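> Dropping in entry.tsv, with TSV, N, CA and C atoms and all ligand atoms.
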```tsv
chain	number	residue	atom	x	y	z
V	1	MET	N	-7.81	-100.34	52.12
V	1	MET	CA	-6.74	-100.00	51.19
V	1	MET	C	-7.30	-99.69	49.80
V	2	GLU	N	-8.19	-100.58	49.42
V	2	GLU	CA	-8.83	-100.41	48.10
V	2	GLU	C	-9.49	-99.04	47.97
V	3	PHE	N	-10.14	-98.65	49.08
V	3	PHE	CA	-10.86	-97.39	49.10
V	3	PHE	C	-9.89	-96.20	48.88
V	4	THR	N	-8.80	-96.21	49.63
V	4	THR	CA	-7.82	-95.13	49.55
V	4	THR	C	-7.26	-95.01	48.13
V	5	LYS	N	-7.01	-96.14	47.56
V	5	LYS	CA	-6.44	-96.15	46.21
V	5	LYS	C	-7.42	-95.49	45.22
V	6	ASN	N	-8.67	-95.93	45.32
V	6	ASN	CA	-9.69	-95.35	44.43
V	6	ASN	C	-9.86	-93.87	44.68
V	7	ASN	N	-9.82	-93.53	45.97
V	7	ASN	CA	-10.02	-92.14	46.34
V	7	ASN	C	-8.95	-91.23	45.73
V	8	SER	N	-7.70	-91.66	45.83
V	8	SER	CA	-6.64	-90.83	45.29
V	8	SER	C	-6.72	-90.78	43.77
V	9	LEU	N	-7.23	-91.84	43.19
V	9	LEU	CA	-7.44	-91.87	41.74
V	9	LEU	C	-8.52	-90.86	41.35
V	10	ASP	N	-9.58	-90.84	42.20
V	10	ASP	CA	-10.67	-89.87	41.96
V	10	ASP	C	-10.16	-88.45	42.01
V	11	ILE	N	-9.35	-88.17	43.03
V	11	ILE	CA	-8.82	-86.81	43.19
V	11	ILE	C	-7.98	-86.45	41.98
V	12	CYS	N	-7.21	-87.42	41.54
V	12	CYS	CA	-6.38	-87.22	40.36
V	12	CYS	C	-7.26	-86.88	39.15
V	13	CYS	N	-8.37	-87.61	39.02
V	13	CYS	CA	-9.31	-87.39	37.92
V	13	CYS	C	-9.91	-85.99	37.99
V	14	ILE	N	-10.30	-85.60	39.20
V	14	ILE	CA	-10.90	-84.27	39.40
V	14	ILE	C	-9.90	-83.18	39.02
V	15	LYS	N	-8.67	-83.36	39.48
V	15	LYS	CA	-7.63	-82.38	39.16
V	15	LYS	C	-7.46	-82.26	37.65
V	16	LEU	N	-7.47	-83.39	36.99
V	16	LEU	CA	-7.31	-83.42	35.54
V	16	LEU	C	-8.47	-82.69	34.87
V	17	LYS	N	-9.69	-82.97	35.39
V	17	LYS	CA	-10.88	-82.33	34.82
V	17	LYS	C	-10.81	-80.82	34.99
V	18	ILE	N	-10.37	-80.38	36.17
V	18	ILE	CA	-10.25	-78.93	36.42
V	18	ILE	C	-9.23	-78.33	35.45
V	19	ASN	N	-8.12	-79.02	35.29
V	19	ASN	CA	-7.09	-78.52	34.37
V	19	ASN	C	-7.64	-78.40	32.95
V	20	ILE	N	-8.39	-79.42	32.54
V	20	ILE	CA	-8.97	-79.39	31.19
V	20	ILE	C	-9.96	-78.24	31.07
V	21	SER	N	-10.77	-78.03	32.11
V	21	SER	CA	-11.75	-76.93	32.10
V	21	SER	C	-11.05	-75.58	31.96
V	22	ILE	N	-9.99	-75.41	32.73
V	22	ILE	CA	-9.24	-74.14	32.67
V	22	ILE	C	-8.68	-73.95	31.26
V	23	PHE	N	-8.16	-75.02	30.72
V	23	PHE	CA	-7.58	-74.95	29.38
V	23	PHE	C	-8.65	-74.58	28.35
V	24	LEU	N	-9.84	-75.20	28.47
V	24	LEU	CA	-10.92	-74.92	27.52
V	24	LEU	C	-11.39	-73.47	27.63
V	25	CYS	N	-11.48	-72.97	28.88
V	25	CYS	CA	-11.86	-71.57	29.08
V	25	CYS	C	-10.87	-70.65	28.40
V	26	PHE	N	-9.62	-70.94	28.59
V	26	PHE	CA	-8.54	-70.15	28.00
V	26	PHE	C	-8.67	-70.14	26.48
V	27	LEU	N	-8.93	-71.33	25.94
V	27	LEU	CA	-9.07	-71.49	24.49
V	27	LEU	C	-10.25	-70.68	23.97
V	28	LEU	N	-11.36	-70.72	24.73
V	28	LEU	CA	-12.58	-70.01	24.34
V	28	LEU	C	-12.33	-68.50	24.29
V	29	VAL	N	-11.65	-68.00	25.33
V	29	VAL	CA	-11.33	-66.57	25.38
V	29	VAL	C	-10.49	-66.19	24.18
V	30	LYS	N	-9.50	-67.01	23.84
V	30	LYS	CA	-8.64	-66.75	22.69
V	30	LYS	C	-9.47	-66.72	21.40
V	31	LEU	N	-10.38	-67.69	21.29
V	31	LEU	CA	-11.23	-67.77	20.10
V	31	LEU	C	-12.09	-66.52	19.96
V	32	LEU	N	-12.66	-66.08	21.09
V	32	LEU	CA	-13.51	-64.89	21.07
V	32	LEU	C	-12.72	-63.66	20.66
V	33	GLU	N	-11.49	-63.59	21.13
V	33	GLU	CA	-10.63	-62.46	20.76
V	33	GLU	C	-10.43	-62.43	19.26
V	34	VAL	N	-10.15	-63.60	18.69
V	34	VAL	CA	-9.91	-63.69	17.25
V	34	VAL	C	-11.18	-63.37	16.48
V	35	LYS	N	-12.33	-63.84	17.03
V	35	LYS	CA	-13.60	-63.68	16.33
V	35	LYS	C	-14.25	-62.32	16.56
V	36	LYS	N	-13.58	-61.45	17.25
V	36	LYS	CA	-14.12	-60.13	17.54
V	36	LYS	C	-14.54	-59.45	16.24
V	37	ILE	N	-15.77	-58.99	16.21
V	37	ILE	CA	-16.30	-58.43	14.98
V	37	ILE	C	-15.78	-57.00	14.77
V	38	ARG	N	-15.39	-56.72	13.55
V	38	ARG	CA	-14.95	-55.39	13.18
V	38	ARG	C	-16.05	-54.71	12.38
V	39	ALA	N	-16.00	-53.42	12.33
V	39	ALA	CA	-17.03	-52.68	11.60
V	39	ALA	C	-16.39	-51.61	10.73
V	40	ARG	N	-17.06	-51.32	9.61
V	40	ARG	CA	-16.66	-50.23	8.72
V	40	ARG	C	-17.63	-49.09	8.99
V	41	ALA	N	-17.13	-47.95	9.41
V	41	ALA	CA	-18.02	-46.89	9.85
V	41	ALA	C	-17.73	-45.57	9.14
V	42	CYS	N	-18.80	-44.78	8.93
V	42	CYS	CA	-18.66	-43.45	8.35
V	42	CYS	C	-18.80	-42.43	9.48
V	43	ILE	N	-17.74	-41.65	9.67
V	43	ILE	CA	-17.72	-40.67	10.77
V	43	ILE	C	-18.75	-39.57	10.52
V	44	LYS	N	-18.92	-39.17	9.24
V	44	LYS	CA	-19.80	-38.05	8.92
V	44	LYS	C	-21.27	-38.42	9.17
V	45	CYS	N	-21.69	-39.61	8.69
V	45	CYS	CA	-23.10	-40.01	8.79
V	45	CYS	C	-23.40	-40.79	10.07
V	46	ARG	N	-22.37	-41.17	10.79
V	46	ARG	CA	-22.56	-41.96	12.01
V	46	ARG	C	-23.29	-43.27	11.71
V	47	GLU	N	-22.90	-43.93	10.64
V	47	GLU	CA	-23.47	-45.22	10.28
V	47	GLU	C	-22.34	-46.24	10.14
V	48	TYR	N	-22.70	-47.53	10.31
V	48	TYR	CA	-21.68	-48.56	10.15
V	48	TYR	C	-22.26	-49.85	9.59
V	49	VAL	N	-21.38	-50.67	9.00
V	49	VAL	CA	-21.74	-52.03	8.60
V	49	VAL	C	-20.77	-52.99	9.29
V	50	LYS	N	-21.29	-54.17	9.63
V	50	LYS	CA	-20.43	-55.20	10.21
V	50	LYS	C	-19.52	-55.78	9.13
V	51	ILE	N	-18.33	-56.18	9.52
V	51	ILE	CA	-17.44	-56.86	8.57
V	51	ILE	C	-17.42	-58.34	8.90
V	52	GLN	N	-17.93	-59.16	7.94
V	52	GLN	CA	-17.92	-60.61	8.10
V	52	GLN	C	-17.16	-61.22	6.93
V	53	PRO	N	-15.86	-61.45	7.12
V	53	PRO	CA	-14.99	-61.85	6.02
V	53	PRO	C	-15.43	-63.12	5.28
V	54	ASP	N	-16.19	-64.01	5.97
V	54	ASP	CA	-16.58	-65.28	5.32
V	54	ASP	C	-17.86	-65.15	4.52
V	55	ASP	N	-18.53	-64.00	4.60
V	55	ASP	CA	-19.85	-63.87	4.00
V	55	ASP	C	-19.80	-63.01	2.73
V	56	PRO	N	-20.01	-63.62	1.56
V	56	PRO	CA	-19.93	-62.87	0.29
V	56	PRO	C	-20.96	-61.75	0.19
V	57	GLU	N	-22.17	-61.99	0.76
V	57	GLU	CA	-23.20	-60.95	0.75
V	57	GLU	C	-22.74	-59.71	1.52
V	58	ASN	N	-22.02	-59.98	2.60
V	58	ASN	CA	-21.49	-58.90	3.41
V	58	ASN	C	-20.44	-58.08	2.64
V	59	GLN	N	-19.66	-58.78	1.79
V	59	GLN	CA	-18.67	-58.08	0.96
V	59	GLN	C	-19.36	-57.05	0.06
V	60	GLU	N	-20.51	-57.47	-0.50
V	60	GLU	CA	-21.29	-56.57	-1.35
V	60	GLU	C	-21.80	-55.38	-0.56
V	61	LEU	N	-22.29	-55.68	0.64
V	61	LEU	CA	-22.82	-54.62	1.52
V	61	LEU	C	-21.74	-53.59	1.82
V	62	ILE	N	-20.55	-54.08	2.14
V	62	ILE	CA	-19.44	-53.17	2.46
V	62	ILE	C	-19.08	-52.33	1.23
V	63	LYS	N	-19.07	-52.99	0.05
V	63	LYS	CA	-18.75	-52.28	-1.18
V	63	LYS	C	-19.75	-51.15	-1.42
V	64	SER	N	-21.06	-51.46	-1.26
V	64	SER	CA	-22.06	-50.43	-1.52
V	64	SER	C	-22.02	-49.35	-0.44
V	65	PHE	N	-21.71	-49.75	0.79
V	65	PHE	CA	-21.57	-48.77	1.88
V	65	PHE	C	-20.43	-47.80	1.56
V	66	GLU	N	-19.30	-48.37	1.10
V	66	GLU	CA	-18.15	-47.53	0.77
V	66	GLU	C	-18.47	-46.62	-0.41
V	67	GLY	N	-19.29	-47.14	-1.35
V	67	GLY	CA	-19.72	-46.33	-2.49
V	67	GLY	C	-20.59	-45.16	-2.04
V	68	ASN	N	-21.54	-45.46	-1.15
V	68	ASN	CA	-22.47	-44.43	-0.66
V	68	ASN	C	-21.75	-43.33	0.12
V	69	HIS	N	-20.64	-43.68	0.74
V	69	HIS	CA	-19.94	-42.72	1.60
V	69	HIS	C	-18.56	-42.38	1.02
V	70	LYS	N	-18.50	-42.39	-0.31
V	70	LYS	CA	-17.22	-42.23	-1.02
V	70	LYS	C	-16.45	-40.98	-0.57
V	71	ARG	N	-17.17	-39.87	-0.41
V	71	ARG	CA	-16.49	-38.62	-0.09
V	71	ARG	C	-16.42	-38.37	1.41
V	72	HIS	N	-16.86	-39.34	2.18
V	72	HIS	CA	-16.83	-39.18	3.64
V	72	HIS	C	-15.62	-39.91	4.22
V	73	THR	N	-15.41	-39.72	5.50
V	73	THR	CA	-14.29	-40.38	6.15
V	73	THR	C	-14.74	-41.73	6.70
V	74	LEU	N	-14.18	-42.81	6.14
V	74	LEU	CA	-14.52	-44.16	6.60
V	74	LEU	C	-13.40	-44.70	7.48
V	75	ILE	N	-13.82	-45.37	8.54
V	75	ILE	CA	-12.83	-45.98	9.43
V	75	ILE	C	-13.21	-47.43	9.70
V	76	THR	N	-12.23	-48.25	10.06
V	76	THR	CA	-12.47	-49.64	10.46
V	76	THR	C	-12.11	-49.77	11.92
V	77	LEU	N	-13.04	-50.29	12.71
V	77	LEU	CA	-12.77	-50.43	14.14
V	77	LEU	C	-13.60	-51.57	14.75
V	78	ASP	N	-13.37	-51.86	16.04
V	78	ASP	CA	-14.13	-52.91	16.71
V	78	ASP	C	-15.59	-52.50	16.84
V	79	ILE	N	-16.48	-53.48	16.72
V	79	ILE	CA	-17.92	-53.19	16.78
V	79	ILE	C	-18.30	-52.59	18.14
V	80	ASP	N	-17.59	-52.98	19.20
V	80	ASP	CA	-17.88	-52.43	20.54
V	80	ASP	C	-17.76	-50.91	20.56
V	81	GLU	N	-16.88	-50.39	19.72
V	81	GLU	CA	-16.62	-48.96	19.74
V	81	GLU	C	-17.65	-48.16	18.97
V	82	VAL	N	-18.43	-48.83	18.09
V	82	VAL	CA	-19.39	-48.08	17.27
V	82	VAL	C	-20.85	-48.31	17.64
V	83	LYS	N	-21.15	-49.48	18.21
V	83	LYS	CA	-22.56	-49.87	18.30
V	83	LYS	C	-23.44	-48.91	19.10
V	84	ASP	N	-22.86	-48.18	20.05
V	84	ASP	CA	-23.68	-47.26	20.83
V	84	ASP	C	-23.83	-45.89	20.17
V	85	GLN	N	-22.83	-45.50	19.40
V	85	GLN	CA	-22.83	-44.14	18.85
V	85	GLN	C	-23.24	-44.09	17.38
V	86	TYR	N	-23.14	-45.21	16.70
V	86	TYR	CA	-23.43	-45.23	15.27
V	86	TYR	C	-24.68	-46.08	15.00
V	87	LYS	N	-25.31	-45.86	13.84
V	87	LYS	CA	-26.49	-46.62	13.46
V	87	LYS	C	-26.06	-47.71	12.47
V	88	GLU	N	-26.55	-48.94	12.69
V	88	GLU	CA	-26.15	-50.02	11.80
V	88	GLU	C	-26.93	-49.98	10.49
V	89	VAL	N	-26.23	-50.18	9.38
V	89	VAL	CA	-26.87	-50.27	8.07
V	89	VAL	C	-26.91	-51.75	7.70
V	90	MET	N	-28.13	-52.25	7.36
V	90	MET	CA	-28.27	-53.68	7.02
V	90	MET	C	-28.33	-53.87	5.51
Y	101	ZN	ZN	-21.25	-41.04	5.17
```
Turn this file's structure into structure tokens for me.
Ligand SMILES: [Zn+2]

Amino acid sequence: MEFTKNNSLDICCIKLKINISIFLCFLLVKLLEVKKIRARACIKCREYVKIQPDDPENQELIKSFEGNHKRHTLITLDIDEVKDQYKEVM
């Protein structure tokens, strides 16, 4: 009897762990979506800079990038869309 009781408790524990794992995976995916990096890109020069809102140095980089490409067409988009076709400016 003791064994059966423990066993069902174990199964309950496993189920709970699986549920928690699924929940954590879901949370991670959501976090990654939110953290998706955006880029500021110049269509004419085919160059881009990453946008990192928390990084003050990056703000300066974006400012100078926008200055350098003042008369060009600048767009903001996901980094996935530019990284193969555009060159990154550091
Ligand atoms: Zn340009």
> Running DSSP on the backbone, which parts of segment 15-65 of chain V land in strand (DSSP E or B), as a list of chain:residue names?
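Everything in segment 15-65 of chain V that counts as strand (DSSP E or B) is V:Arg38, V:Ala39, V:Arg40, V:Ala41, V:Cys42, V:Glu47, V:Tyr48, V:Val49, V:Lys50, V:Ile51.
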> In Å, with one decimal, what is the gap from atom C of Cys12 of chain V to atom N of Leu32 of chain V?
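Interatomic distance, atom C of Cys12 of chain V to atom N of Leu32 of chain V: 28.1 Å.
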> Check every protein, DNA and RNA residue against ligand ZN 101 (chain Y), keep those with an atom at most 7 Å away (counting only N, CA and C atoms and all ligand atoms), and present them as a list of chain:residue names.
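I would give the residues around ligand ZN 101 (chain Y) as V:Ala41, V:Cys42, V:Ile43, V:Lys44, V:Cys45, V:Arg46, V:Glu47, V:Asn68, V:His69, V:Lys70, V:Arg71, V:His72, V:Thr73.
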> List every residue of chain V that DSSP, applied to the backbone of this structure, places in helix (DSSP H, G or I), and write the result as a ChimeraX atom specification.
/V:2-34,56-68,79-82
> Neighbouring residues of Val49 of chain V were defined as those with any atom within 6 Å, considering all atoms listed in the file; residues of the same chain fewer than 2 positions away were excluded. Please report them as a ChimeraX atom specification.
/V:38-41,47,51,88-89
> Could you state the separation of atom C of Ile37 of chain V and atom CA of Asp54 of chain V in Å, given to one decimal place?
12.6 Å
> What does the distance between atom CA of Lys35 of chain V and atom CA of Ile79 of chain V come to in Å, to one decimal place?
11.4 Å
> For a quick check of understanding, using only C-alpha atoms, which of V:Met90, V:Phe65, V:Lys36, V:Lys17 has the smallest distance to Leu77 of chain V?
V:Lys36
> Should you be able to, write segment 46-81 of chain V of this structure into a file that contains N, CA and C atoms, as a tab-separated table (two decimals), in the first residue's frame.

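Output below, filename result14.tsv:
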```tsv
chain	number	residue	atom	x	y	z
V	46	ARG	N	23.26	49.94	-47.98
V	46	ARG	CA	23.18	48.55	-47.53
V	46	ARG	C	23.99	48.32	-46.26
V	47	GLU	N	23.88	49.25	-45.33
V	47	GLU	CA	24.55	49.11	-44.04
V	47	GLU	C	23.51	49.23	-42.92
V	48	TYR	N	23.86	48.65	-41.75
V	48	TYR	CA	22.92	48.76	-40.63
V	48	TYR	C	23.65	48.82	-39.30
V	49	VAL	N	22.96	49.35	-38.28
V	49	VAL	CA	23.44	49.28	-36.90
V	49	VAL	C	22.36	48.60	-36.07
V	50	LYS	N	22.81	47.86	-35.06
V	50	LYS	CA	21.86	47.23	-34.13
V	50	LYS	C	21.25	48.29	-33.23
V	51	ILE	N	20.01	48.09	-32.84
V	51	ILE	CA	19.38	48.99	-31.87
V	51	ILE	C	19.33	48.30	-30.52
V	52	GLN	N	20.07	48.88	-29.54
V	52	GLN	CA	20.06	48.34	-28.17
V	52	GLN	C	19.61	49.45	-27.23
V	53	PRO	N	18.31	49.49	-26.94
V	53	PRO	CA	17.74	50.62	-26.21
V	53	PRO	C	18.37	50.88	-24.83
V	54	ASP	N	18.96	49.84	-24.21
V	54	ASP	CA	19.53	50.02	-22.86
V	54	ASP	C	20.96	50.53	-22.89
V	55	ASP	N	21.56	50.60	-24.08
V	55	ASP	CA	22.98	50.91	-24.17
V	55	ASP	C	23.21	52.34	-24.68
V	56	PRO	N	23.71	53.23	-23.82
V	56	PRO	CA	23.91	54.63	-24.21
V	56	PRO	C	24.91	54.79	-25.36
V	57	GLU	N	25.95	53.93	-25.37
V	57	GLU	CA	26.93	53.99	-26.46
V	57	GLU	C	26.27	53.69	-27.81
V	58	ASN	N	25.32	52.77	-27.76
V	58	ASN	CA	24.59	52.41	-28.96
V	58	ASN	C	23.74	53.58	-29.46
V	59	GLN	N	23.20	54.36	-28.52
V	59	GLN	CA	22.41	55.54	-28.89
V	59	GLN	C	23.26	56.51	-29.72
V	60	GLU	N	24.53	56.67	-29.27
V	60	GLU	CA	25.46	57.54	-29.99
V	60	GLU	C	25.75	56.99	-31.38
V	61	LEU	N	25.94	55.68	-31.44
V	61	LEU	CA	26.22	55.01	-32.72
V	61	LEU	C	25.07	55.24	-33.71
V	62	ILE	N	23.86	55.07	-33.21
V	62	ILE	CA	22.68	55.27	-34.07
V	62	ILE	C	22.60	56.71	-34.54
V	63	LYS	N	22.89	57.65	-33.61
V	63	LYS	CA	22.85	59.07	-33.96
V	63	LYS	C	23.85	59.37	-35.08
V	64	SER	N	25.09	58.84	-34.93
V	64	SER	CA	26.10	59.14	-35.94
V	64	SER	C	25.77	58.41	-37.25
V	65	PHE	N	25.20	57.23	-37.15
V	65	PHE	CA	24.77	56.49	-38.35
V	65	PHE	C	23.72	57.30	-39.11
V	66	GLU	N	22.75	57.83	-38.35
V	66	GLU	CA	21.68	58.62	-38.98
V	66	GLU	C	22.25	59.89	-39.58
V	67	GLY	N	23.29	60.46	-38.92
V	67	GLY	CA	23.95	61.64	-39.45
V	67	GLY	C	24.66	61.34	-40.76
V	68	ASN	N	25.38	60.22	-40.78
V	68	ASN	CA	26.14	59.82	-41.98
V	68	ASN	C	25.24	59.53	-43.17
V	69	HIS	N	24.02	59.10	-42.89
V	69	HIS	CA	23.11	58.71	-43.97
V	69	HIS	C	21.90	59.65	-44.04
V	70	LYS	N	22.16	60.91	-43.70
V	70	LYS	CA	21.08	61.90	-43.56
V	70	LYS	C	20.19	61.97	-44.81
V	71	ARG	N	20.82	61.96	-45.98
V	71	ARG	CA	20.05	62.14	-47.22
V	71	ARG	C	19.62	60.81	-47.82
V	72	HIS	N	19.90	59.73	-47.12
V	72	HIS	CA	19.52	58.41	-47.63
V	72	HIS	C	18.22	57.95	-46.97
V	73	THR	N	17.72	56.84	-47.46
V	73	THR	CA	16.48	56.30	-46.88
V	73	THR	C	16.83	55.33	-45.76
V	74	LEU	N	16.45	55.70	-44.53
V	74	LEU	CA	16.70	54.83	-43.38
V	74	LEU	C	15.42	54.11	-42.97
V	75	ILE	N	15.59	52.85	-42.63
V	75	ILE	CA	14.43	52.07	-42.18
V	75	ILE	C	14.78	51.35	-40.88
V	76	THR	N	13.76	51.02	-40.10
V	76	THR	CA	13.94	50.22	-38.88
V	76	THR	C	13.24	48.89	-39.09
V	77	LEU	N	13.97	47.81	-38.86
V	77	LEU	CA	13.37	46.49	-39.06
V	77	LEU	C	14.06	45.43	-38.18
V	78	ASP	N	13.55	44.20	-38.21
V	78	ASP	CA	14.15	43.12	-37.43
V	78	ASP	C	15.52	42.78	-37.98
V	79	ILE	N	16.45	42.44	-37.08
V	79	ILE	CA	17.82	42.14	-37.50
V	79	ILE	C	17.86	40.95	-38.46
V	80	ASP	N	16.92	40.00	-38.28
V	80	ASP	CA	16.88	38.83	-39.17
V	80	ASP	C	16.72	39.23	-40.63
V	81	GLU	N	16.05	40.35	-40.84
V	81	GLU	CA	15.75	40.76	-42.21
V	81	GLU	C	16.92	41.47	-42.87
```
